[in-house]
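Engineer: Structure provided below as C-alpha cells; questions to follow.
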There are 2 protein chains.
Amino acid sequence: MNAYTRKKQPLLIRRALLDCAAQVAMERGVGGLTMQAVADAVGVTKGGLFHHFPNKQVLVEGMFTDLLDRLDVEIDTSMAQDPLPHGSFTRAYVNSIFTGPSWGLQTLWSALFMSAMTEPALRQLWSEWMGARMLRHQETDSGLGLHIIRLAADGAWLAFITSGEAQASSELLDVQAHLLEQTRAP
Amino acid sequence: MNAYTRKKQPLLIRRALLDCAAQVAMERGVGGLTMQAVADAVGVTKGGLFHHFPNKQVLVEGMFTDLLDRLDVEIDTSMAQDPLPHGSFTRAYVNSIFTGPSWGLQTLWSALFMSAMTEPALRQLWSEWMGARMLRHQETDSGLGLHIIRLAADGAWLAFITSGEAQASSELLDVQAHLLEQTRAP
DNA sequence: ACAAAGATACCTACCGGTTGGTATGTTTAA
DNA sequence: TTAAACATACCAACCGGTAGGTATCTTTGT
C-alpha cells in the first residue's frame, strides 16, 4: 500500500498543493502568492502546507520544475513525430510555445512563468534547462538562424502575455507558420 | 516664484522620489520595493512620500510612465537619423533594446521592466504604448517580417535577462546585426 | 498475527517583523 | 493668514515561519 492508494494520500495532496499554488500565482501574480492562500485553495491549513514544503522557496521551485518536466515530455513527443532532423528541436519548441497543451498561449501557465522570471533561483533553473537542451540538440539546432527563430517565439509569447490575452489569434498563427517554415531554410 | 525656484522644491523632490524608487526597484526587485526604502533613499520621511504619491500604485505607475517617456525620445532621435523610411521604427526599436542608453541590455532598467510586467496595470500601459507606436508607424513598419524582427528583439532581451547577464556579448551583437540587416529586406 | 513503537501527516495557535496607510502636528512660503 | 509641504507617531493587516499537539499510517519484534 503506497502513498497513492492508502486513505491518507500525501502525494496527491502535494500534487494539489503544487497545482493550486500555480493557479494562485496566475490569478494574483507572484507577489500575491502567499502560503495562506495556497493552503486555503487546497483546503489544508498553513501548517499542513509547511509540512510538505519547508519554506516558500521550495514550494515555488517545485512549481517551476514541475512545469519544466511537462515541457520536456511535450517537446520530446513532438520531436519524435518530426521526420526532418534539421531544426527539429526548434520546431518542437515553437509549437510548444504557440499551441502546446501545457505551454500554449491560451494556458495561463505563461503568466506564472513570466512572474517566476523575477526570482534569480528560478531564472537559473530555466537557464540550465535551456543550456542542457541546446547541448543535446547542437547537431540539429545550432546556428544563428534557428537561434533567432527561437528568440522570436519567445518574443511572441512575451507579447501575448503583455497584451492581456486579447490578441488577434489569426496573426499569431501567421507568425507561427512563418517561423516554422523558416526552420527549413539553411 | 514657482515650485522650481523657491527654496523648497517639491517638484524636484518628486523627481528624486521617482528616480530613487526606480533604483530601489532595480536593486531589490519589485517585490522588495517598499515605501519606506524609497523615502529613506531620498532623505524624506514616509509621510512626506505619501504626500507626493497617495498610494504605492501611483508611485509605481509614475516610475513606469517615466521610463516609457525616455524610450519615446530615444526612439524618436534614433529614427531622425535614419535615412531609409521603411522599417525605421523597427530599427530604432531594435537598437534601443540592444544598445540604447536607457533600455540597453546592460542597464538594469530591463530588470525593473521585467518585474513590472507582472502587474496588470503596467502591462496595459506598455500595451497602449506599443499600440500607439504601431499605429503611428504603420506606413513604414507594418508587415509580418518586421513584426517578427521586433518579436525576436524582445526575445533576445528576455533571454538576456534570464541568462543572469553572463551571456556571450559577441553572439548578441551578431543577433542585433542580423536583425538590423533583415529590416532592409522586403 | 498482532500489538508495541515509531514515523508520517496533518491541525491549532501563536510570534516577530514588516508593510501600506492614516491622523495629527509643525514648518515654510506666499 | 492660510495653504502647501513636510515630519512624527501610530495602527491594522498580513506574511513567513515555528511550537506543540493529535490522528493516522508503517514497521518491527515476538
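Here's how to read the names in the C-alpha cells: chain A, B, ... by the order shown, residue numbers from 1 in each chain, ligand numbers from 1 in the order shown.
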For chain A against chain D, with a cut-off of 8 Å and counting only C-alpha atoms (C1' of nucleotides), what is the closest atom pair and its distance in Å to one decimal for every residue that makes the cut, ordered by chain and number, as JSON lines?

Structural biologist:
{"residue": "A:Lys8", "atom": "CA", "partner": "D:DT24", "partner_atom": "C1'", "distance": 7.8}
{"residue": "A:Thr34", "atom": "CA", "partner": "D:DC15", "partner_atom": "C1'", "distance": 7.6}
{"residue": "A:Met35", "atom": "CA", "partner": "D:DG16", "partner_atom": "C1'", "distance": 7.9}
{"residue": "A:Asn55", "atom": "CA", "partner": "D:DG17", "partner_atom": "C1'", "distance": 7.9}
{"residue": "A:Lys56", "atom": "CA", "partner": "D:DG16", "partner_atom": "C1'", "distance": 7.8}

Engineer: For chain A, list the residues within 10 Å of chain C, counting only C-alpha atoms (C1' of nucleotides), and write the list as a PyMOL selection string.

Structural biologist: chain A and resi 8-10+44-49+51-52

Engineer: With chain B as the partner and 10 Å as the cut-off, tabulate the residues of chain A that qualify, each row holding the nearest pair of atoms and their distance in Å to one decimal, using only C-alpha atoms, sorted by chain and rising number, as a tab-separated table.

Structural biologist:
residue	atom	partner	partner_atom	distance
A:Met26	CA	B:Thr118	CA	9.7
A:Arg28	CA	B:Glu119	CA	9.0
A:Gly29	CA	B:Thr118	CA	6.2
A:Val30	CA	B:Thr118	CA	7.5
A:Gly31	CA	B:Gly31	CA	6.5
A:Gly32	CA	B:Gly31	CA	10.0
A:Ala111	CA	B:Thr118	CA	7.8
A:Leu112	CA	B:Thr118	CA	9.0
A:Met114	CA	B:Thr118	CA	7.1
A:Ser115	CA	B:Thr118	CA	5.6
A:Ala116	CA	B:Thr118	CA	9.2
A:Met117	CA	B:Thr162	CA	6.7
A:Thr118	CA	B:Ser115	CA	5.7
A:Glu119	CA	B:Gly29	CA	8.6
A:Pro120	CA	B:Gly164	CA	7.7
A:Leu122	CA	B:Thr162	CA	8.9
A:Arg123	CA	B:Thr162	CA	5.3
A:Gln124	CA	B:Ser163	CA	7.2
A:Leu125	CA	B:Thr162	CA	9.6
A:Trp126	CA	B:Thr162	CA	7.5
A:Ser127	CA	B:Ser163	CA	5.8
A:Glu128	CA	B:Ser163	CA	9.0
A:Met130	CA	B:Ser163	CA	9.7
A:Gly131	CA	B:Ser163	CA	9.8
A:Leu144	CA	B:Val175	CA	7.3
A:Gly145	CA	B:His178	CA	9.0
A:His147	CA	B:Val175	CA	8.7
A:Ile148	CA	B:Ala152	CA	6.2
A:Ile149	CA	B:Ala152	CA	7.2
A:Arg150	CA	B:Ala152	CA	7.9
A:Leu151	CA	B:Gly155	CA	4.4
A:Ala152	CA	B:Ala152	CA	3.7
A:Ala153	CA	B:Gly155	CA	7.2
A:Asp154	CA	B:Gly155	CA	4.9
A:Gly155	CA	B:Gly155	CA	4.1
A:Ala156	CA	B:Leu151	CA	5.7
A:Trp157	CA	B:Gly155	CA	8.7
A:Leu158	CA	B:Asp154	CA	7.6
A:Ala159	CA	B:Leu151	CA	7.6
A:Ile161	CA	B:Arg123	CA	8.4
A:Thr162	CA	B:Arg123	CA	5.3
A:Ser163	CA	B:Ser127	CA	5.7
A:Gly164	CA	B:Gln124	CA	7.4
A:Glu171	CA	B:Leu144	CA	8.5
A:Asp174	CA	B:Leu144	CA	8.0
A:Val175	CA	B:Ile148	CA	7.1
A:Gln176	CA	B:Ile148	CA	9.8
A:His178	CA	B:Leu144	CA	8.6
A:Leu179	CA	B:Ile148	CA	8.5

Engineer: Please save C-alpha atoms of the selected residues as a PDB file, in the first residue's frame.

Structural biologist:
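result.pdb written:
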ATOM      1  CA  MET A  26      -1.626  33.096 -12.058  1.00  0.00           C
ATOM      2  CA  ARG A  28      -2.839  37.192  -8.113  1.00  0.00           C
ATOM      3  CA  GLY A  29       0.658  37.386  -9.542  1.00  0.00           C
ATOM      4  CA  VAL A  30       3.773  36.101  -7.892  1.00  0.00           C
ATOM      5  CA  GLY A  31       3.652  38.945  -5.401  1.00  0.00           C
ATOM      6  CA  GLY A  32       0.226  37.790  -4.316  1.00  0.00           C
ATOM      7  CA  ALA A 111       1.724  34.164 -16.759  1.00  0.00           C
ATOM      8  CA  LEU A 112       3.176  32.092 -13.984  1.00  0.00           C
ATOM      9  CA  MET A 114       6.594  35.245 -16.509  1.00  0.00           C
ATOM     10  CA  SER A 115       6.224  36.122 -12.888  1.00  0.00           C
ATOM     11  CA  ALA A 116       8.724  33.467 -11.967  1.00  0.00           C
ATOM     12  CA  MET A 117      11.387  35.134 -14.077  1.00  0.00           C
ATOM     13  CA  THR A 118      11.740  37.724 -11.379  1.00  0.00           C
ATOM     14  CA  GLU A 119      13.447  35.362  -8.985  1.00  0.00           C
ATOM     15  CA  PRO A 120      17.093  34.529  -9.641  1.00  0.00           C
ATOM     16  CA  LEU A 122      14.132  30.212 -11.000  1.00  0.00           C
ATOM     17  CA  ARG A 123      15.952  32.024 -13.730  1.00  0.00           C
ATOM     18  CA  GLN A 124      18.874  29.729 -13.188  1.00  0.00           C
ATOM     19  CA  LEU A 125      16.651  26.671 -13.439  1.00  0.00           C
ATOM     20  CA  TRP A 126      15.372  27.911 -16.757  1.00  0.00           C
ATOM     21  CA  SER A 127      18.832  28.773 -17.937  1.00  0.00           C
ATOM     22  CA  GLU A 128      20.111  25.336 -17.078  1.00  0.00           C
ATOM     23  CA  MET A 130      17.758  25.612 -21.991  1.00  0.00           C
ATOM     24  CA  GLY A 131      21.502  25.056 -21.837  1.00  0.00           C
ATOM     25  CA  LEU A 144      22.193  31.909 -35.767  1.00  0.00           C
ATOM     26  CA  GLY A 145      19.116  31.492 -37.929  1.00  0.00           C
ATOM     27  CA  HIS A 147      18.507  30.848 -32.658  1.00  0.00           C
ATOM     28  CA  ILE A 148      16.703  33.920 -33.889  1.00  0.00           C
ATOM     29  CA  ILE A 149      13.630  31.880 -34.673  1.00  0.00           C
ATOM     30  CA  ARG A 150      13.556  30.661 -31.112  1.00  0.00           C
ATOM     31  CA  LEU A 151      14.001  34.208 -29.868  1.00  0.00           C
ATOM     32  CA  ALA A 152      11.085  35.338 -31.987  1.00  0.00           C
ATOM     33  CA  ALA A 153       8.946  32.607 -30.463  1.00  0.00           C
ATOM     34  CA  ASP A 154       9.892  33.842 -27.028  1.00  0.00           C
ATOM     35  CA  GLY A 155       9.038  37.357 -28.095  1.00  0.00           C
ATOM     36  CA  ALA A 156       5.659  36.308 -29.409  1.00  0.00           C
ATOM     37  CA  TRP A 157       4.967  34.637 -26.135  1.00  0.00           C
ATOM     38  CA  LEU A 158       6.015  37.753 -24.271  1.00  0.00           C
ATOM     39  CA  ALA A 159       3.838  39.916 -26.475  1.00  0.00           C
ATOM     40  CA  ILE A 161       1.309  37.977 -22.112  1.00  0.00           C
ATOM     41  CA  THR A 162       1.607  41.714 -22.162  1.00  0.00           C
ATOM     42  CA  SER A 163      -1.306  42.171 -24.500  1.00  0.00           C
ATOM     43  CA  GLY A 164      -3.753  40.965 -21.901  1.00  0.00           C
ATOM     44  CA  GLU A 171      -1.915  36.985 -36.607  1.00  0.00           C
ATOM     45  CA  ASP A 174       0.678  33.601 -39.206  1.00  0.00           C
ATOM     46  CA  VAL A 175       3.722  34.185 -37.071  1.00  0.00           C
ATOM     47  CA  GLN A 176       3.872  30.557 -36.048  1.00  0.00           C
ATOM     48  CA  HIS A 178       6.199  31.729 -40.821  1.00  0.00           C
ATOM     49  CA  LEU A 179       8.622  30.695 -38.120  1.00  0.00           C
TER      50      LEU A 179
END

Engineer: Find the distance between atom CA of Glu139 of chain A and atom CA of Gly104 of chain A and write it in Å to one decimal.

Structural biologist: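 Atom-to-atom, atom CA of Glu139 of chain A to atom CA of Gly104 of chain A, that is 26.4 Å.
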